[in-house]
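As stored in protein_31.pdb (PDB, C-alpha atoms):
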ATOM      1  CA  GLY A   1       2.097  18.915 -10.961
ATOM      2  CA  GLY A   2       0.235  15.930 -12.337
ATOM      3  CA  PHE A   3       1.435  12.456 -13.060
ATOM      4  CA  ALA A   4       3.457  11.637 -16.105
ATOM      5  CA  THR A   5       1.164   9.946 -18.603
ATOM      6  CA  ALA A   6       1.338   6.172 -18.254
ATOM      7  CA  ASP A   7       1.791   4.327 -21.541
ATOM      8  CA  GLU A   8       0.803   0.795 -22.459
ATOM      9  CA  THR A   9       4.161  -0.601 -21.311
ATOM     10  CA  VAL A  10       3.666   0.544 -17.719
ATOM     11  CA  ALA A  11       0.771  -1.679 -16.657
ATOM     12  CA  PRO A  12       2.553  -5.076 -16.768
ATOM     13  CA  ARG A  13       5.086  -3.749 -14.279
ATOM     14  CA  PHE A  14       2.291  -3.382 -11.759
ATOM     15  CA  THR A  15      -0.103  -6.211 -12.659
ATOM     16  CA  ALA A  16       2.302  -9.150 -13.042
ATOM     17  CA  ARG A  17       1.833 -11.683 -10.250
ATOM     18  CA  SER A  18       5.260 -13.160 -10.716
ATOM     19  CA  GLY A  19       6.485 -13.290  -7.107
ATOM     20  CA  GLY A  20      10.127 -13.151  -6.274
ATOM     21  CA  LEU A  21      10.216  -9.529  -5.098
ATOM     22  CA  ALA A  22      13.693  -8.913  -3.767
ATOM     23  CA  PRO A  23      14.180  -7.287  -0.356
ATOM     24  CA  GLU A  24      15.599  -4.174  -2.000
ATOM     25  CA  ALA A  25      12.365  -3.776  -4.020
ATOM     26  CA  LEU A  26      10.386  -3.578  -0.786
ATOM     27  CA  LEU A  27      12.647  -0.786   0.413
ATOM     28  CA  ALA A  28      12.937   1.191  -2.832
ATOM     29  CA  GLN A  29      11.865   4.832  -2.768
ATOM     30  CA  GLY A  30      11.496   5.626  -6.460
ATOM     31  CA  GLY A  31       8.450   7.158  -8.125
ATOM     32  CA  VAL A  32       8.323   4.355 -10.722
ATOM     33  CA  GLY A  33       7.700   6.827 -13.546
ATOM     34  CA  PHE A  34       4.815   8.680 -11.887
ATOM     35  CA  ALA A  35       5.151  12.349 -11.021
ATOM     36  CA  GLY A  36       3.341  13.434  -7.869
ATOM     37  CA  LEU A  37       3.914  10.303  -5.789
ATOM     38  CA  ALA A  38       6.821   9.470  -3.506
ATOM     39  CA  LYS A  39       8.071   6.209  -2.011
ATOM     40  CA  VAL A  40       6.164   3.992  -4.456
ATOM     41  CA  ARG A  41       6.894   0.471  -3.246
ATOM     42  CA  PRO A  42       5.531  -2.985  -4.064
ATOM     43  CA  VAL A  43       4.114  -5.089  -1.243
ATOM     44  CA  LEU A  44       2.360  -8.037  -2.939
ATOM     45  CA  ALA A  45       3.327  -8.605  -6.582
ATOM     46  CA  GLY A  46       0.545  -7.467  -8.909
ATOM     47  CA  VAL A  47      -1.855  -6.908  -6.012
ATOM     48  CA  LEU A  48      -0.702  -4.289  -3.505
ATOM     49  CA  TYR A  49       1.496  -1.205  -3.631
ATOM     50  CA  ARG A  50       2.095   1.675  -1.227
ATOM     51  CA  ALA A  51       3.105   5.311  -1.675
ATOM     52  CA  GLY A  52       2.980   8.832  -0.331
ATOM     53  CA  ILE A  53       2.241  12.183  -1.920
ATOM     54  CA  ALA A  54       5.312  14.111  -3.025
ATOM     55  CA  ASN A  55       5.897  16.918  -0.505
ATOM     56  CA  GLY A  56       3.017  15.662   1.646
ATOM     57  CA  ASP A  57      -0.587  16.840   1.503
ATOM     58  CA  PRO A  58      -0.945  19.950   3.683
ATOM     59  CA  ARG A  59      -4.271  20.850   2.051
ATOM     60  CA  HIS A  60      -5.709  17.341   2.584
ATOM     61  CA  LYS A  61      -6.903  17.231  -1.035
ATOM     62  CA  GLY A  62      -5.454  13.861  -2.030
ATOM     63  CA  LEU A  63      -4.746  12.924  -5.636
ATOM     64  CA  GLY A  64      -5.961  14.999  -8.559
ATOM     65  CA  GLN A  65      -7.834  13.789 -11.613
ATOM     66  CA  ALA A  66      -4.752  13.691 -13.835
ATOM     67  CA  GLN A  67      -2.993  11.547 -11.252
ATOM     68  CA  LEU A  68      -5.921   9.153 -10.969
ATOM     69  CA  GLN A  69      -6.139   8.905 -14.762
ATOM     70  CA  ALA A  70      -2.492   7.880 -14.930
ATOM     71  CA  LEU A  71      -2.984   5.180 -12.291
ATOM     72  CA  CYS A  72      -6.116   4.000 -14.097
ATOM     73  CA  THR A  73      -4.157   3.763 -17.357
ATOM     74  CA  ALA A  74      -1.550   1.685 -15.506
ATOM     75  CA  ASP A  75      -4.385  -0.768 -14.679
ATOM     76  CA  PHE A  76      -4.756  -0.031 -10.972
ATOM     77  CA  SER A  77      -8.293  -0.849  -9.867
ATOM     78  CA  ARG A  78      -8.379   0.970  -6.551
ATOM     79  CA  VAL A  79      -6.528   3.702  -4.651
ATOM     80  CA  VAL A  80      -7.072   4.145  -0.913
ATOM     81  CA  TYR A  81      -6.147   7.298   1.017
ATOM     82  CA  LEU A  82      -5.417   6.276   4.588
ATOM     83  CA  ASP A  83      -6.337   8.394   7.617
ATOM     84  CA  ASP A  84      -6.715  11.732   5.807
ATOM     85  CA  GLY A  85      -8.202  13.235   2.669
ATOM     86  CA  ARG A  86     -10.947  15.267   4.276
ATOM     87  CA  ARG A  87     -10.975  17.521   1.209
ATOM     88  CA  ALA A  88     -10.254  14.800  -1.348
ATOM     89  CA  ARG A  89     -12.632  14.040  -4.204
ATOM     90  CA  PHE A  90     -13.305  10.324  -3.894
ATOM     91  CA  GLY A  91     -15.127   8.367  -6.586
ATOM     92  CA  THR A  92     -14.612   6.457  -9.832
ATOM     93  CA  THR A  93     -12.274   7.375 -12.677
ATOM     94  CA  ASP A  94     -12.758   5.844 -16.128
ATOM     95  CA  CYS A  95      -9.939   5.566 -18.658
ATOM     96  CA  GLY A  96     -11.425   3.538 -21.494
ATOM     97  CA  LYS A  97     -10.163   0.027 -20.913
ATOM     98  CA  ASN A  98     -10.267   0.311 -17.132
ATOM     99  CA  SER A  99     -11.930   2.062 -14.208
ATOM    100  CA  LEU A 100     -10.446   2.966 -10.859
ATOM    101  CA  VAL A 101     -12.098   3.638  -7.512
ATOM    102  CA  TYR A 102     -10.585   6.257  -5.178
ATOM    103  CA  ALA A 103     -11.712   5.697  -1.585
ATOM    104  CA  LYS A 104     -10.875   6.513   2.012
ATOM    105  CA  GLY A 105      -9.473   3.916   4.417
ATOM    106  CA  SER A 106      -8.248   3.522   7.961
ATOM    107  CA  SER A 107      -4.967   2.128   9.262
ATOM    108  CA  THR A 108      -6.442   1.735  12.752
ATOM    109  CA  LYS A 109      -9.445  -0.296  11.523
ATOM    110  CA  PRO A 110      -7.920  -2.234   8.605
ATOM    111  CA  SER A 111     -10.201  -5.288   8.495
ATOM    112  CA  ALA A 112     -12.376  -4.103   5.581
ATOM    113  CA  LEU A 113      -9.307  -3.083   3.612
ATOM    114  CA  LEU A 114      -7.627  -6.431   4.176
ATOM    115  CA  ARG A 115     -10.803  -8.156   2.986
ATOM    116  CA  ARG A 116     -10.681  -6.035  -0.148
ATOM    117  CA  ILE A 117      -7.059  -7.050  -0.751
ATOM    118  CA  GLY A 118      -8.107 -10.678  -0.290
ATOM    119  CA  GLU A 119     -10.782 -10.217  -2.960
ATOM    120  CA  LEU A 120      -8.182  -8.862  -5.370
ATOM    121  CA  ILE A 121      -5.955 -11.863  -4.675
ATOM    122  CA  ASP A 122      -8.860 -14.154  -5.576
ATOM    123  CA  ASP A 123      -9.609 -12.270  -8.822
ATOM    124  CA  PRO A 124      -6.571 -12.024 -11.122
ATOM    125  CA  ASP A 125      -8.605  -9.987 -13.626
ATOM    126  CA  GLN A 126      -8.709  -7.095 -11.161
ATOM    127  CA  GLY A 127      -5.846  -4.633 -11.199
ATOM    128  CA  PRO A 128      -3.784  -3.872  -8.098
ATOM    129  CA  LEU A 129      -4.607  -1.602  -5.176
ATOM    130  CA  LEU A 130      -2.439   1.359  -4.182
ATOM    131  CA  LEU A 131      -2.398   2.482  -0.557
ATOM    132  CA  HIS A 132      -1.263   6.024   0.059
ATOM    133  CA  CYS A 133      -0.987   8.404   2.967
ATOM    134  CA  ASP A 134       0.487  11.894   3.292
ATOM    135  CA  TRP A 135       4.144  10.871   3.191
ATOM    136  CA  GLY A 136       4.133   7.133   2.406
ATOM    137  CA  VAL A 137       5.613   6.233   5.776
ATOM    138  CA  HIS A 138       3.385   5.636   8.790
ATOM    139  CA  SER A 139      -0.152   4.685   7.738
ATOM    140  CA  SER A 140       0.582   3.097   4.368
ATOM    141  CA  GLY A 141       3.491   1.271   5.972
ATOM    142  CA  VAL A 142       1.496  -0.247   8.797
ATOM    143  CA  VAL A 143      -1.264  -1.568   6.518
ATOM    144  CA  ALA A 144       1.406  -2.971   4.196
ATOM    145  CA  ALA A 145       3.042  -4.652   7.200
ATOM    146  CA  MET A 146      -0.280  -6.156   8.277
ATOM    147  CA  ALA A 147      -0.848  -7.415   4.730
ATOM    148  CA  LEU A 148       2.483  -9.258   4.871
ATOM    149  CA  VAL A 149       1.323 -10.950   8.067
ATOM    150  CA  GLN A 150      -2.141 -11.730   6.718
ATOM    151  CA  PHE A 151      -1.309 -12.939   3.233
ATOM    152  CA  CYS A 152       2.338 -14.064   3.421
ATOM    153  CA  GLY A 153       2.636 -15.563   6.889
ATOM    154  CA  TRP A 154       5.140 -13.073   8.237
ATOM    155  CA  SER A 155       5.404 -12.806  11.990
ATOM    156  CA  ALA A 156       4.388  -9.588  13.719
ATOM    157  CA  ASP A 157       8.030  -8.971  14.637
ATOM    158  CA  GLU A 158       9.126  -9.367  11.017
ATOM    159  CA  ALA A 159       6.384  -7.007   9.856
ATOM    160  CA  LYS A 160       7.268  -4.406  12.478
ATOM    161  CA  ALA A 161      10.931  -4.571  11.454
ATOM    162  CA  TYR A 162       9.872  -4.026   7.818
ATOM    163  CA  TRP A 163       7.859  -0.982   8.919
ATOM    164  CA  GLN A 164      10.866   0.372  10.789
ATOM    165  CA  GLN A 165      13.063  -0.055   7.706
ATOM    166  CA  THR A 166      10.633   1.695   5.394
ATOM    167  CA  ARG A 167       9.904   4.719   7.582
ATOM    168  CA  ASP A 168      13.294   6.085   6.481
ATOM    169  CA  GLY A 169      14.022   7.766   9.790
ATOM    170  CA  ALA A 170      10.708   9.643   9.986
ATOM    171  CA  PRO A 171       9.767  10.485  13.601
ATOM    172  CA  CYS A 172       6.746   9.165  15.497
ATOM    173  CA  LYS A 173       4.874  10.905  18.273
ATOM    174  CA  GLY A 174       5.651   9.013  21.470
ATOM    175  CA  GLY A 175       8.450   6.983  19.838
ATOM    176  CA  CYS A 176       8.299   4.645  16.879
ATOM    177  CA  GLU A 177       8.407   1.332  18.752
ATOM    178  CA  ALA A 178       5.431   2.417  20.824
ATOM    179  CA  TRP A 179       3.624   3.678  17.700
ATOM    180  CA  ILE A 180       3.905   0.437  15.746
ATOM    181  CA  ASP A 181       3.264  -1.724  18.820
ATOM    182  CA  ALA A 182       0.000   0.132  19.428
ATOM    183  CA  ARG A 183      -1.125  -0.430  15.829
ATOM    184  CA  PHE A 184      -0.392  -4.145  16.017
ATOM    185  CA  ARG A 185      -1.961  -4.657  19.423
ATOM    186  CA  GLY A 186      -4.855  -7.055  18.973
ATOM    187  CA  PHE A 187      -4.127  -7.675  15.282
ATOM    188  CA  THR A 188      -4.053 -11.301  14.130
ATOM    189  CA  ALA A 189      -4.335 -12.834  10.691
ATOM    190  CA  ARG A 190      -7.719 -14.232   9.678
ATOM    191  CA  PRO A 191      -7.392 -17.882   8.625
ATOM    192  CA  ASP A 192     -10.089 -17.513   5.958
ATOM    193  CA  LEU A 193      -8.047 -14.867   4.125
ATOM    194  CA  VAL A 194      -4.735 -16.770   4.012
ATOM    195  CA  PRO A 195      -3.894 -17.742   0.396
ATOM    196  CA  ASN A 196      -2.694 -21.202  -0.513
ATOM    197  CA  ALA A 197       1.021 -21.865  -0.881
ATOM    198  CA  ALA A 198       1.012 -21.606  -4.688
ATOM    199  CA  THR A 199      -0.658 -18.196  -4.548
ATOM    200  CA  GLN A 200       1.738 -17.002  -1.859
ATOM    201  CA  ALA A 201       4.660 -18.024  -4.085
ATOM    202  CA  ARG A 202       3.321 -15.760  -6.855
ATOM    203  CA  LEU A 203       2.575 -12.773  -4.636
ATOM    204  CA  CYS A 204       4.809 -12.695  -1.602
ATOM    205  CA  PRO A 205       8.217 -11.046  -1.346
ATOM    206  CA  ALA A 206      11.370 -12.530   0.032
ATOM    207  CA  ARG A 207      11.800 -11.521   3.638
ATOM    208  CA  PRO A 208      14.392  -8.765   4.086
ATOM    209  CA  GLN A 209      17.063  -8.894   6.726
ATOM    210  CA  SER A 210      15.557  -7.304   9.833
ATOM    211  CA  PRO A 211      17.767  -4.935  11.799
ATOM    212  CA  ALA A 212      16.985  -4.096  15.371
ATOM    213  CA  ALA A 213      14.045  -1.704  15.703
ATOM    214  CA  THR A 214      14.914   1.942  16.202
ATOM    215  CA  PRO A 215      13.021   3.905  18.849
TER     216      PRO A 215
END
Would you mind writing the file out in structure tokens?
Amino acid sequence: GGFATADETVAPRFTARSGGLAPEALLAQGGVGFAGLAKVRPVLAGVLYRAGIANGDPRHKGLGQAQLQALCTADFSRVVYLDDGRRARFGTTDCGKNSLVYAKGSSTKPSALLRRIGELIDDPDQGPLLLHCDWGVHSSGVVAAMALVQFCGWSADEAKAYWQQTRDGAPCKGGCEAWIDARFRGFTARPDLVPNAATQARLCPARPQSPAATP
């Protein structure tokens, strides 16, 4: 099935850089009105969202044209399929008032993607970016966690705890603590990409309570 058609009232829900995201918003699992996606969650207000494909992507085909049109209509500027999509049709989708780029990305080499997010932060006229992976758990979660470190000043431990909360009990080969530790090994925030305090106040979520990590 395709996405539900996005109407003109949808876009402000995704583009508003109003800050103040509550912890429960970071952990929400709703589809936010779009059919075909699961675990649609905000990360940076008006800039970065994450999701998975409903029922996974066993054929590795990614999002279809109707789905990309709906995201384009909702004023997203870019969608990135992390660590898969070998049969996906990447490229540009036009929807009249907006255009959207669908591209491949890597959760193990996230530097270019984080630079792209930084560019969106610096250009309020650009619509937000949606990260997605097969299920909306592992890969999209780790890049979202790194973005919270890079752009909001979260500690690595806080970001890892957020990742643990949002994996919703999904298993990890070799154990989940080891999985997330390996992804964060060697990762540090780049000082030149850190927004100023006023920008952080508009974009960054409140930090959720962090339970102990679950192996």
Can you translate the PyMOL selection byres ((chain A and resi 132) around 8) into the concrete residues it hits in this file, as a VMD selection string?
chain A and resid 50 to 53 79 to 82 130 to 131 133 to 136 139 to 140
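Each of A:Leu44, A:Leu71, A:Ala16, A:Ala170 was compared to A:Cys152 using only C-alpha atoms, and A:Leu44 turns out to be the nearest.
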Which residues match the PyMOL selection byres ((chain A and resi 144) around 10) in the file above, as a PyMOL selection string?
chain A and resi 41-44+48-50+107+114+131+138-143+145-150+159+162-163
Apply the PyMOL selection byres ((chain A and resi 96) around 12) to the file shown and report the selected residues as an MDAnalysis selection string.
chainID A and resid 69:70 72:75 93:95 97:100
Closest of A:Lys160, A:Arg183, A:Lys39, A:Arg17 to A:Lys109 - atom-to-atom distances counting all atoms listed in the file
A:Arg183
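Each of A:Tyr102, A:Phe151, A:Phe34, A:Phe14 was compared to A:Asn196 using only C-alpha atoms, and A:Phe151 turns out to be the nearest.
Around the point (-2.7, 17.5, 2.1), within 10 Å and counting all atoms listed in the file, we find these residues: Ile53, Asn55, Gly56, Asp57, Pro58, Arg59, His60, Lys61, Gly62, Leu63, Asp84, Gly85, Arg86, Arg87, Ala88, Cys133, Asp134 and Trp135 of chain A.
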Box for stretch 100-118 of chain A - axis-aligned, 3 Å on each of the six sides, all listed atoms - centre and size in Å to one decimal, as AutoDock Vina command-line options.
--center_x -8.7 --center_y -2.1 --center_z 0.9 --size_x 13.4 --size_y 23.2 --size_z 29.6
d(atom CA of A:Val194, atom CA of A:Pro124) in Å:
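Value for the atom CA of A:Val194-atom CA of A:Pro124 distance: 16.0 Å.
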Expressed in Å, the length from atom CA of A:Ala54 to atom CA of A:Asp157 is 29.2 Å
Point out the residue among A:Ile117, A:Ala206, A:Ala156, A:Cys172 with the least atom-to-atom distance to A:Leu193, counting all atoms listed in the file.
A:Ile117
Report the distance between atom CA of A:Leu203 and atom CA of A:Gly36 in Å, rounded to one decimal place.
26.4 Å
Residue nearest A:Trp179 - candidates A:Glu24, A:Pro128, A:Gln65, A:Thr108, atoms counted: only C-alpha atoms:
A:Thr108
Since the input has fewer atoms than a full residue there, write stretch 89-121 of chain A out with N, CA and C atoms, as an mmCIF file, in the coordinates of the input.
data_model
loop_
_atom_site.group_PDB
_atom_site.id
_atom_site.type_symbol
_atom_site.label_atom_id
_atom_site.label_comp_id
_atom_site.auth_asym_id
_atom_site.auth_seq_id
_atom_site.Cartn_x
_atom_site.Cartn_y
_atom_site.Cartn_z
ATOM 1 N N ARG A 89 -11.463 14.364 -3.377
ATOM 2 C CA ARG A 89 -12.632 14.040 -4.204
ATOM 3 C C ARG A 89 -12.586 12.548 -4.519
ATOM 4 N N PHE A 90 -13.273 11.768 -3.709
ATOM 5 C CA PHE A 90 -13.305 10.324 -3.894
ATOM 6 C C PHE A 90 -14.366 9.960 -4.938
ATOM 7 N N GLY A 91 -14.167 8.814 -5.580
ATOM 8 C CA GLY A 91 -15.127 8.367 -6.586
ATOM 9 C C GLY A 91 -14.450 7.485 -7.615
ATOM 10 N N THR A 92 -15.081 7.360 -8.775
ATOM 11 C CA THR A 92 -14.612 6.457 -9.832
ATOM 12 C C THR A 92 -14.050 7.253 -10.998
ATOM 13 N N THR A 93 -12.922 6.794 -11.501
ATOM 14 C CA THR A 93 -12.274 7.375 -12.677
ATOM 15 C C THR A 93 -12.285 6.340 -13.788
ATOM 16 N N ASP A 94 -12.761 6.725 -14.964
ATOM 17 C CA ASP A 94 -12.758 5.844 -16.128
ATOM 18 C C ASP A 94 -11.649 6.266 -17.082
ATOM 19 N N CYS A 95 -11.006 5.267 -17.701
ATOM 20 C CA CYS A 95 -9.939 5.566 -18.658
ATOM 21 C C CYS A 95 -10.028 4.653 -19.870
ATOM 22 N N GLY A 96 -11.237 4.368 -20.314
ATOM 23 C CA GLY A 96 -11.425 3.538 -21.494
ATOM 24 C C GLY A 96 -11.436 2.064 -21.173
ATOM 25 N N LYS A 97 -10.257 1.474 -21.131
ATOM 26 C CA LYS A 97 -10.163 0.027 -20.913
ATOM 27 C C LYS A 97 -10.333 -0.351 -19.447
ATOM 28 N N ASN A 98 -10.310 0.608 -18.556
ATOM 29 C CA ASN A 98 -10.267 0.311 -17.132
ATOM 30 C C ASN A 98 -11.036 1.382 -16.365
ATOM 31 N N SER A 99 -11.393 1.059 -15.129
ATOM 32 C CA SER A 99 -11.930 2.062 -14.208
ATOM 33 C C SER A 99 -11.272 1.868 -12.854
ATOM 34 N N LEU A 100 -11.154 2.956 -12.127
ATOM 35 C CA LEU A 100 -10.446 2.966 -10.859
ATOM 36 C C LEU A 100 -11.303 3.655 -9.812
ATOM 37 N N VAL A 101 -11.354 3.061 -8.630
ATOM 38 C CA VAL A 101 -12.098 3.638 -7.512
ATOM 39 C C VAL A 101 -11.108 4.291 -6.545
ATOM 40 N N TYR A 102 -11.385 5.534 -6.176
ATOM 41 C CA TYR A 102 -10.585 6.257 -5.178
ATOM 42 C C TYR A 102 -11.426 6.362 -3.922
ATOM 43 N N ALA A 103 -10.921 5.813 -2.805
ATOM 44 C CA ALA A 103 -11.712 5.697 -1.585
ATOM 45 C C ALA A 103 -10.863 6.017 -0.365
ATOM 46 N N LYS A 104 -11.533 6.244 0.746
ATOM 47 C CA LYS A 104 -10.875 6.513 2.012
ATOM 48 C C LYS A 104 -10.742 5.218 2.801
ATOM 49 N N GLY A 105 -9.673 5.096 3.587
ATOM 50 C CA GLY A 105 -9.473 3.916 4.417
ATOM 51 C C GLY A 105 -8.836 4.282 5.740
ATOM 52 N N SER A 106 -8.771 3.303 6.619
ATOM 53 C CA SER A 106 -8.248 3.522 7.961
ATOM 54 C C SER A 106 -7.148 2.520 8.281
ATOM 55 N N SER A 107 -6.035 3.023 8.825
ATOM 56 C CA SER A 107 -4.967 2.128 9.262
ATOM 57 C C SER A 107 -5.227 1.575 10.661
ATOM 58 N N THR A 108 -6.140 2.209 11.403
ATOM 59 C CA THR A 108 -6.442 1.735 12.752
ATOM 60 C C THR A 108 -7.595 0.737 12.766
ATOM 61 N N LYS A 109 -8.365 0.691 11.675
ATOM 62 C CA LYS A 109 -9.445 -0.296 11.523
ATOM 63 C C LYS A 109 -9.306 -0.915 10.126
ATOM 64 N N PRO A 110 -8.286 -1.779 9.951
ATOM 65 C CA PRO A 110 -7.920 -2.234 8.605
ATOM 66 C C PRO A 110 -8.674 -3.453 8.100
ATOM 67 N N SER A 111 -9.614 -3.994 8.870
ATOM 68 C CA SER A 111 -10.201 -5.288 8.495
ATOM 69 C C SER A 111 -10.902 -5.241 7.136
ATOM 70 N N ALA A 112 -11.680 -4.189 6.863
ATOM 71 C CA ALA A 112 -12.376 -4.103 5.581
ATOM 72 C C ALA A 112 -11.387 -3.988 4.429
ATOM 73 N N LEU A 113 -10.319 -3.248 4.651
ATOM 74 C CA LEU A 113 -9.307 -3.083 3.612
ATOM 75 C C LEU A 113 -8.579 -4.390 3.339
ATOM 76 N N LEU A 114 -8.272 -5.134 4.375
ATOM 77 C CA LEU A 114 -7.627 -6.431 4.176
ATOM 78 C C LEU A 114 -8.557 -7.405 3.453
ATOM 79 N N ARG A 115 -9.851 -7.330 3.739
ATOM 80 C CA ARG A 115 -10.803 -8.156 2.986
ATOM 81 C C ARG A 115 -10.787 -7.772 1.517
ATOM 82 N N ARG A 116 -10.728 -6.493 1.235
ATOM 83 C CA ARG A 116 -10.681 -6.035 -0.148
ATOM 84 C C ARG A 116 -9.423 -6.551 -0.852
ATOM 85 N N ILE A 117 -8.294 -6.518 -0.171
ATOM 86 C CA ILE A 117 -7.059 -7.050 -0.751
ATOM 87 C C ILE A 117 -7.213 -8.546 -1.013
ATOM 88 N N GLY A 118 -7.853 -9.261 -0.086
ATOM 89 C CA GLY A 118 -8.107 -10.678 -0.290
ATOM 90 C C GLY A 118 -8.960 -10.939 -1.520
ATOM 91 N N GLU A 119 -9.946 -10.075 -1.764
ATOM 92 C CA GLU A 119 -10.782 -10.217 -2.960
ATOM 93 C C GLU A 119 -9.972 -10.015 -4.232
ATOM 94 N N LEU A 120 -9.043 -9.071 -4.210
ATOM 95 C CA LEU A 120 -8.182 -8.862 -5.370
ATOM 96 C C LEU A 120 -7.281 -10.069 -5.615
ATOM 97 N N ILE A 121 -6.781 -10.664 -4.535
ATOM 98 C CA ILE A 121 -5.955 -11.863 -4.675
ATOM 99 C C ILE A 121 -6.748 -12.972 -5.358
#
